[in-house]
Amino acid sequence: MQTNEAKKSSASSFFMKIVKNQCFIPLATLLLLAVFNLIADPSFFKISLGYNSAGNPVLSGFLITILDSGSELAILAIGMTLVTAATGGQDISVGAAIAISGSVLLRVLCGTNSRPETLQAPIIVAFLVSCVVAMLFGAFNGVLVAYFKIQPMIATLILYTAGRSIAAWINNNELPVISEPSFTYFGEFIPGIPIPTPFFIAVACMIIIGIVLKVTNLKLFTQAVGINESSSRLNGLNPAFIKVLSFVILGLCVAVVGLIKVSRISTINYSVIAKDIEMDAILAVALGGNALSGGKFNMAASIIGAYVIQFLTTTLYKFNVQSDALPAYKAIVVILLVVISAPTVREAFSSMTKKLKVKEVA
């Protein structure tokens, strides 16, 4: 039988393994937010079944809102994680790129008439066109970073500044409106399914990226380039191609979120759509414990971080925090979480626990 000292050592070792896991911080934060809401107002977790204007059953509640809006952020976090890992920088143009993608989608669906009675093209065709456009803009950012050696945040500042004007120009500064009910399914609910469609889209994206990372060397190559570009080149990799590819994948994620965004309201507001979403996507990556300087990454941690950010946002709205003060509250909380999850803090904590173990043995 194990002695008490052996049991304590085993329990301590198990605890350390949990704490060292990169998903620990975002999961612990999620748990803390859940406990806070449970104590402050248990009704936060209430989920009710109702009916929408079309008479279809739909679930509603704060948790459903988190699943719904958090799914957009989770999709973006997938692409942002790859860009961060490969380049050691972040893309701040994703909000503007979503506006462009959504505008292209509506342009193809509406044709020359901003208020068509019927769709001028199948939704899948319009979506594929928007994907191509978003990926091209992603490639544009990637080329600036990979071949012209421009720092990612500066390179993407170009599209961040001009993107929404480009989106408005695509539709001649008009606000196209889609009257086809089936178009709203992507951003709201599929008839007969009470769970928001964006959650299923996000799950599909997670499965796809999971398979890609499992059966290809994308993760290995991306991390190698992010850790040491010169060394990866000597080992036969093309760092420039990997960097451009990461931006192209982020562009594809942008197109998916663009579809969800415009589908929700069947139109677009160029100056408001996806406003500041790039900041939340970057925070999700950081909260997942991924180094913003590039290198190793954990995709699952980034995705969990995205839902934590949305959980925090929804909690603040629940307690009537004014919208103009929301970023300040969020920034304070996120700074604390990011500092706690920083590698240096983790190393300091690990060193401290080792010293305590040595003292116990002595």
# chains A, B, ... in the order shown; residues from 1 in each chain; ligands from 1
call {"tool": "residues_around", "arguments": {"residues": "A:Leu33", "least_positions_apart": "3", "cutoff": "9 Å", "atoms": "only C-alpha atoms", "output": "list in words"}}
result
Ala28, Thr29, Leu30, Phe36, Asn37, Leu38, Val308, Phe311, Leu312 and Thr315 of chain A
call {"tool": "select_by_dssp", "arguments": {"residues": "stretch 75-313 of chain A", "states": "helix (DSSP H, G or I)", "output": "NGL selection string"}}
result
:A and (75-87 or 94-110 or 123-146 or 152-155 or 157-170 or 181-186 or 197-215 or 218-227 or 229-234 or 239-265 or 277-287 or 299-313)
call {"tool": "residues_around", "arguments": {"residues": "A:Leu105", "least_positions_apart": "6", "cutoff": "12 Å", "atoms": "only C-alpha atoms", "output": "PyMOL selection string"}}
result
chain A and resi 98-99+111+119-134+167+170-171+176-178+183+255-263+266-268
call {"tool": "atom_distance", "arguments": {"atom1": "atom CA of A:Ala224", "atom2": "atom CA of A:Gly294"}}
result
9.6 Å
call {"tool": "residues_around", "arguments": {"residues": "stretch 195-209 of chain A", "least_positions_apart": "6", "cutoff": "9 Å", "atoms": "only C-alpha atoms", "output": "tab-separated table (two decimals) with N, CA and C atoms, in the first residue's frame"}}
result
chain	number	residue	atom	x	y	z
A	58	VAL	N	-37.23	27.69	-30.74
A	58	VAL	CA	-35.86	28.19	-30.56
A	58	VAL	C	-35.54	28.28	-29.07
A	59	LEU	N	-34.29	28.02	-28.74
A	59	LEU	CA	-33.83	28.16	-27.36
A	59	LEU	C	-33.31	29.58	-27.16
A	60	SER	N	-33.54	30.12	-25.96
A	60	SER	CA	-33.04	31.45	-25.65
A	60	SER	C	-32.50	31.48	-24.23
A	64	ILE	N	-27.20	30.49	-24.39
A	64	ILE	CA	-27.41	30.35	-25.83
A	64	ILE	C	-26.75	31.51	-26.58
A	65	THR	N	-26.83	32.71	-25.99
A	65	THR	CA	-26.18	33.88	-26.59
A	65	THR	C	-24.67	33.68	-26.66
A	67	LEU	N	-23.07	30.76	-26.80
A	67	LEU	CA	-22.82	29.78	-27.85
A	67	LEU	C	-22.93	30.40	-29.23
A	68	ASP	N	-23.92	31.28	-29.38
A	68	ASP	CA	-24.21	31.89	-30.67
A	68	ASP	C	-23.10	32.87	-31.08
A	69	SER	N	-22.93	33.93	-30.29
A	69	SER	CA	-21.94	34.96	-30.63
A	69	SER	C	-20.51	34.46	-30.45
A	70	GLY	N	-20.29	33.60	-29.45
A	70	GLY	CA	-18.95	33.07	-29.22
A	70	GLY	C	-18.46	32.21	-30.37
A	71	SER	N	-19.38	31.62	-31.11
A	71	SER	CA	-19.00	30.76	-32.23
A	71	SER	C	-18.32	31.55	-33.34
A	72	GLU	N	-18.77	32.79	-33.57
A	72	GLU	CA	-18.11	33.64	-34.56
A	72	GLU	C	-16.66	33.89	-34.15
A	74	ALA	N	-14.86	32.07	-32.12
A	74	ALA	CA	-14.10	30.82	-32.15
A	74	ALA	C	-13.57	30.52	-33.55
A	75	ILE	N	-14.39	30.80	-34.56
A	75	ILE	CA	-13.97	30.58	-35.95
A	75	ILE	C	-12.80	31.49	-36.30
A	78	ILE	N	-9.39	30.48	-34.81
A	78	ILE	CA	-8.68	29.41	-35.51
A	78	ILE	C	-7.63	30.01	-36.46
A	185	TYR	N	-31.04	31.40	-42.28
A	185	TYR	CA	-30.76	30.16	-41.55
A	185	TYR	C	-29.31	30.10	-41.05
A	186	PHE	N	-28.38	30.70	-41.82
A	186	PHE	CA	-26.97	30.59	-41.47
A	186	PHE	C	-26.61	31.41	-40.23
A	187	GLY	N	-27.34	32.48	-39.99
A	187	GLY	CA	-27.04	33.33	-38.85
A	187	GLY	C	-28.02	33.19	-37.70
A	188	GLU	N	-29.13	32.49	-37.94
A	188	GLU	CA	-30.13	32.35	-36.89
A	188	GLU	C	-30.40	30.88	-36.58
A	189	PHE	N	-31.55	30.37	-37.01
A	189	PHE	CA	-31.92	28.99	-36.71
A	189	PHE	C	-32.42	28.29	-37.97
A	253	CYS	N	-11.62	31.84	-42.79
A	253	CYS	CA	-12.39	31.98	-41.54
A	253	CYS	C	-13.20	33.28	-41.56
A	256	VAL	N	-16.38	32.86	-43.60
A	256	VAL	CA	-17.42	32.13	-42.88
A	256	VAL	C	-18.13	33.04	-41.90
A	257	VAL	N	-17.36	33.84	-41.16
A	257	VAL	CA	-17.97	34.77	-40.20
A	257	VAL	C	-18.75	35.85	-40.95
A	260	ILE	N	-22.16	34.51	-41.68
A	260	ILE	CA	-22.99	34.51	-40.47
A	260	ILE	C	-23.49	35.91	-40.14
A	299	MET	N	-4.53	24.97	-30.41
A	299	MET	CA	-5.74	25.44	-31.06
A	299	MET	C	-6.96	25.32	-30.14
A	300	ALA	N	-7.04	24.23	-29.39
A	300	ALA	CA	-8.17	24.02	-28.48
A	300	ALA	C	-8.22	25.12	-27.43
A	303	ILE	N	-9.69	28.30	-28.91
A	303	ILE	CA	-11.14	28.20	-29.10
A	303	ILE	C	-11.86	28.36	-27.77
call {"tool": "closest_residue", "arguments": {"among": "A:Ala301, A:Ile340, A:Val248, A:Ala86", "to": "A:Gly288", "atoms": "only C-alpha atoms"}}
result
A:Ala301
call {"tool": "closest_residue", "arguments": {"among": "A:Ala34, A:Ile282, A:Leu106, A:Ala146", "to": "A:Leu175", "atoms": "only C-alpha atoms"}}
result
A:Leu106
call {"tool": "residues_around", "arguments": {"residues": "A:Thr313", "least_positions_apart": "5", "cutoff": "12 Å", "atoms": "only C-alpha atoms", "output": "PDB file with N, CA and C atoms, in the first residue's frame"}}
result
ATOM      1  N   LEU A  33     -16.033  32.438 -13.942  1.00  0.00           N
ATOM      2  CA  LEU A  33     -17.146  33.250 -14.439  1.00  0.00           C
ATOM      3  C   LEU A  33     -18.489  32.562 -14.185  1.00  0.00           C
ATOM      4  N   PHE A  62     -28.939  33.417 -21.756  1.00  0.00           N
ATOM      5  CA  PHE A  62     -27.583  33.944 -21.837  1.00  0.00           C
ATOM      6  C   PHE A  62     -26.589  32.897 -22.331  1.00  0.00           C
ATOM      7  N   LEU A  63     -26.767  31.652 -21.919  1.00  0.00           N
ATOM      8  CA  LEU A  63     -25.856  30.604 -22.376  1.00  0.00           C
ATOM      9  C   LEU A  63     -25.978  30.384 -23.884  1.00  0.00           C
ATOM     10  N   THR A  65     -26.833  32.708 -25.987  1.00  0.00           N
ATOM     11  CA  THR A  65     -26.177  33.877 -26.586  1.00  0.00           C
ATOM     12  C   THR A  65     -24.666  33.683 -26.663  1.00  0.00           C
ATOM     13  N   ILE A  66     -24.106  33.091 -25.597  1.00  0.00           N
ATOM     14  CA  ILE A  66     -22.659  32.825 -25.570  1.00  0.00           C
ATOM     15  C   ILE A  66     -22.284  31.825 -26.659  1.00  0.00           C
ATOM     16  N   SER A  69     -22.930  33.926 -30.285  1.00  0.00           N
ATOM     17  CA  SER A  69     -21.940  34.958 -30.629  1.00  0.00           C
ATOM     18  C   SER A  69     -20.509  34.462 -30.446  1.00  0.00           C
ATOM     19  N   GLY A  70     -20.289  33.601 -29.450  1.00  0.00           N
ATOM     20  CA  GLY A  70     -18.949  33.072 -29.223  1.00  0.00           C
ATOM     21  C   GLY A  70     -18.462  32.205 -30.367  1.00  0.00           C
ATOM     22  N   LEU A  73     -16.482  34.197 -32.874  1.00  0.00           N
ATOM     23  CA  LEU A  73     -15.153  34.480 -32.341  1.00  0.00           C
ATOM     24  C   LEU A  73     -14.262  33.237 -32.386  1.00  0.00           C
ATOM     25  N   ASP A 280     -10.994  41.080 -29.943  1.00  0.00           N
ATOM     26  CA  ASP A 280     -11.460  39.905 -29.193  1.00  0.00           C
ATOM     27  C   ASP A 280     -10.796  38.632 -29.698  1.00  0.00           C
ATOM     28  N   ALA A 306     -11.903  31.923 -26.841  1.00  0.00           N
ATOM     29  CA  ALA A 306     -12.913  32.705 -27.561  1.00  0.00           C
ATOM     30  C   ALA A 306     -14.248  32.678 -26.819  1.00  0.00           C
ATOM     31  N   TYR A 307     -14.643  31.502 -26.352  1.00  0.00           N
ATOM     32  CA  TYR A 307     -15.906  31.404 -25.624  1.00  0.00           C
ATOM     33  C   TYR A 307     -15.812  32.075 -24.249  1.00  0.00           C
ATOM     34  N   VAL A 308     -14.612  32.082 -23.654  1.00  0.00           N
ATOM     35  CA  VAL A 308     -14.422  32.783 -22.374  1.00  0.00           C
ATOM     36  C   VAL A 308     -14.611  34.283 -22.577  1.00  0.00           C
ATOM     37  N   LYS A 318     -25.079  41.543 -18.912  1.00  0.00           N
ATOM     38  CA  LYS A 318     -26.112  41.080 -17.983  1.00  0.00           C
ATOM     39  C   LYS A 318     -26.236  42.013 -16.779  1.00  0.00           C
ATOM     40  N   PHE A 319     -25.096  42.522 -16.313  1.00  0.00           N
ATOM     41  CA  PHE A 319     -25.110  43.394 -15.148  1.00  0.00           C
ATOM     42  C   PHE A 319     -25.114  44.876 -15.531  1.00  0.00           C
ATOM     43  N   ASN A 320     -25.684  45.136 -16.710  1.00  0.00           N
ATOM     44  CA  ASN A 320     -25.992  46.496 -17.174  1.00  0.00           C
ATOM     45  C   ASN A 320     -24.780  47.428 -17.226  1.00  0.00           C
ATOM     46  N   VAL A 321     -23.643  46.894 -17.609  1.00  0.00           N
ATOM     47  CA  VAL A 321     -22.479  47.745 -17.840  1.00  0.00           C
ATOM     48  C   VAL A 321     -22.712  48.517 -19.138  1.00  0.00           C
ATOM     49  N   GLN A 322     -22.536  49.825 -19.097  1.00  0.00           N
ATOM     50  CA  GLN A 322     -22.788  50.642 -20.278  1.00  0.00           C
ATOM     51  C   GLN A 322     -21.851  50.241 -21.419  1.00  0.00           C
ATOM     52  N   SER A 323     -22.371  50.305 -22.615  1.00  0.00           N
ATOM     53  CA  SER A 323     -21.617  49.833 -23.776  1.00  0.00           C
ATOM     54  C   SER A 323     -20.303  50.590 -23.967  1.00  0.00           C
ATOM     55  N   ALA A 325     -18.474  51.784 -21.621  1.00  0.00           N
ATOM     56  CA  ALA A 325     -17.544  51.401 -20.549  1.00  0.00           C
ATOM     57  C   ALA A 325     -17.131  49.935 -20.643  1.00  0.00           C
ATOM     58  N   LEU A 326     -17.826  49.176 -21.494  1.00  0.00           N
ATOM     59  CA  LEU A 326     -17.576  47.737 -21.613  1.00  0.00           C
ATOM     60  C   LEU A 326     -16.125  47.401 -21.946  1.00  0.00           C
ATOM     61  N   PRO A 327     -15.493  48.078 -22.919  1.00  0.00           N
ATOM     62  CA  PRO A 327     -14.102  47.746 -23.235  1.00  0.00           C
ATOM     63  C   PRO A 327     -13.155  47.930 -22.054  1.00  0.00           C
ATOM     64  N   ALA A 328     -13.413  48.930 -21.225  1.00  0.00           N
ATOM     65  CA  ALA A 328     -12.532  49.189 -20.082  1.00  0.00           C
ATOM     66  C   ALA A 328     -12.604  48.042 -19.079  1.00  0.00           C
ATOM     67  N   TYR A 329     -13.821  47.610 -18.744  1.00  0.00           N
ATOM     68  CA  TYR A 329     -13.998  46.497 -17.817  1.00  0.00           C
ATOM     69  C   TYR A 329     -13.367  45.226 -18.386  1.00  0.00           C
ATOM     70  N   LYS A 330     -13.626  45.000 -19.658  1.00  0.00           N
ATOM     71  CA  LYS A 330     -13.095  43.801 -20.302  1.00  0.00           C
ATOM     72  C   LYS A 330     -11.573  43.822 -20.326  1.00  0.00           C
ATOM     73  N   ALA A 331     -11.002  45.007 -20.593  1.00  0.00           N
ATOM     74  CA  ALA A 331      -9.543  45.126 -20.670  1.00  0.00           C
ATOM     75  C   ALA A 331      -8.886  44.790 -19.331  1.00  0.00           C
ATOM     76  N   VAL A 333     -10.025  42.867 -16.864  1.00  0.00           N
ATOM     77  CA  VAL A 333     -10.131  41.437 -16.586  1.00  0.00           C
ATOM     78  C   VAL A 333      -9.189  40.639 -17.485  1.00  0.00           C
ATOM     79  N   VAL A 334      -9.181  40.985 -18.766  1.00  0.00           N
ATOM     80  CA  VAL A 334      -8.365  40.242 -19.725  1.00  0.00           C
ATOM     81  C   VAL A 334      -6.870  40.425 -19.439  1.00  0.00           C
TER      82      VAL A 334
END
call {"tool": "residues_around", "arguments": {"residues": "A:Pro191", "least_positions_apart": "6", "cutoff": "12 Å", "atoms": "only C-alpha atoms", "output": "PyMOL selection string"}}
result
chain A and resi 51-58+181-182+184-185+197
call {"tool": "write_last_selection", "arguments": {"atoms": "C-alpha atoms", "output": "tab-separated table (two decimals), in the first residue's frame"}}
result
chain	number	residue	atom	x	y	z
A	51	TYR	CA	-40.91	30.25	-30.84
A	52	ASN	CA	-39.61	32.76	-33.36
A	53	SER	CA	-41.68	34.86	-35.75
A	54	ALA	CA	-41.89	31.94	-38.19
A	55	GLY	CA	-43.34	29.68	-35.49
A	56	ASN	CA	-40.25	27.48	-35.18
A	57	PRO	CA	-38.98	26.36	-31.75
A	58	VAL	CA	-35.86	28.19	-30.56
A	181	PRO	CA	-36.08	33.57	-45.64
A	182	SER	CA	-33.64	30.68	-46.18
A	184	THR	CA	-31.30	33.82	-42.46
A	185	TYR	CA	-30.76	30.16	-41.55
A	197	THR	CA	-26.82	27.57	-36.59
call {"tool": "residues_around", "arguments": {"residues": "stretch 157-159 of chain A", "least_positions_apart": "6", "cutoff": "8 Å", "atoms": "only C-alpha atoms", "output": "list in words"}}
result
Ile92, Ser93, Ala96 and Ala97 of chain A
call {"tool": "write_last_selection", "arguments": {"atoms": "C-alpha atoms", "output": "PDB file, in the first residue's frame"}}
result
ATOM      1  CA  ILE A  92      -5.961  43.690 -37.092  1.00  0.00           C
ATOM      2  CA  SER A  93      -7.913  43.900 -40.359  1.00  0.00           C
ATOM      3  CA  ALA A  96     -12.826  45.236 -42.146  1.00  0.00           C
ATOM      4  CA  ALA A  97     -12.255  42.016 -44.107  1.00  0.00           C
TER       5      ALA A  97
END
call {"tool": "select_by_dssp", "arguments": {"residues": "stretch 30-171 of chain A", "states": "strand (DSSP E)", "output": "PyMOL selection string"}}
result
chain A and resi 48-51+57-60
call {"tool": "atom_distance", "arguments": {"atom1": "atom CA of A:Arg164", "atom2": "atom CA of A:Ser271"}}
result
6.4 Å
call {"tool": "atom_distance", "arguments": {"atom1": "atom CA of A:Val212", "atom2": "atom CA of A:Gly79"}}
result
12.8 Å
call {"tool": "closest_atom_pairs", "arguments": {"of": "stretch 103-207 of chain A", "to": "stretch 228-241 of chain A", "cutoff": "12 Å", "atoms": "only C-alpha atoms", "output": "JSON lines"}}
result
{"residue": "A:Ala139", "atom": "CA", "partner": "A:Phe241", "partner_atom": "CA", "distance": 10.0}
{"residue": "A:Asn141", "atom": "CA", "partner": "A:Ala240", "partner_atom": "CA", "distance": 11.9}
{"residue": "A:Gly142", "atom": "CA", "partner": "A:Ala240", "partner_atom": "CA", "distance": 8.3}
{"residue": "A:Val143", "atom": "CA", "partner": "A:Ala240", "partner_atom": "CA", "distance": 7.9}
{"residue": "A:Leu144", "atom": "CA", "partner": "A:Ala240", "partner_atom": "CA", "distance": 10.1}
{"residue": "A:Val145", "atom": "CA", "partner": "A:Ala240", "partner_atom": "CA", "distance": 8.4}
{"residue": "A:Ala146", "atom": "CA", "partner": "A:Ala240", "partner_atom": "CA", "distance": 4.7}
{"residue": "A:Tyr147", "atom": "CA", "partner": "A:Ala240", "partner_atom": "CA", "distance": 6.5}
{"residue": "A:Phe148", "atom": "CA", "partner": "A:Ala240", "partner_atom": "CA", "distance": 9.9}
{"residue": "A:Lys149", "atom": "CA", "partner": "A:Ala240", "partner_atom": "CA", "distance": 9.6}
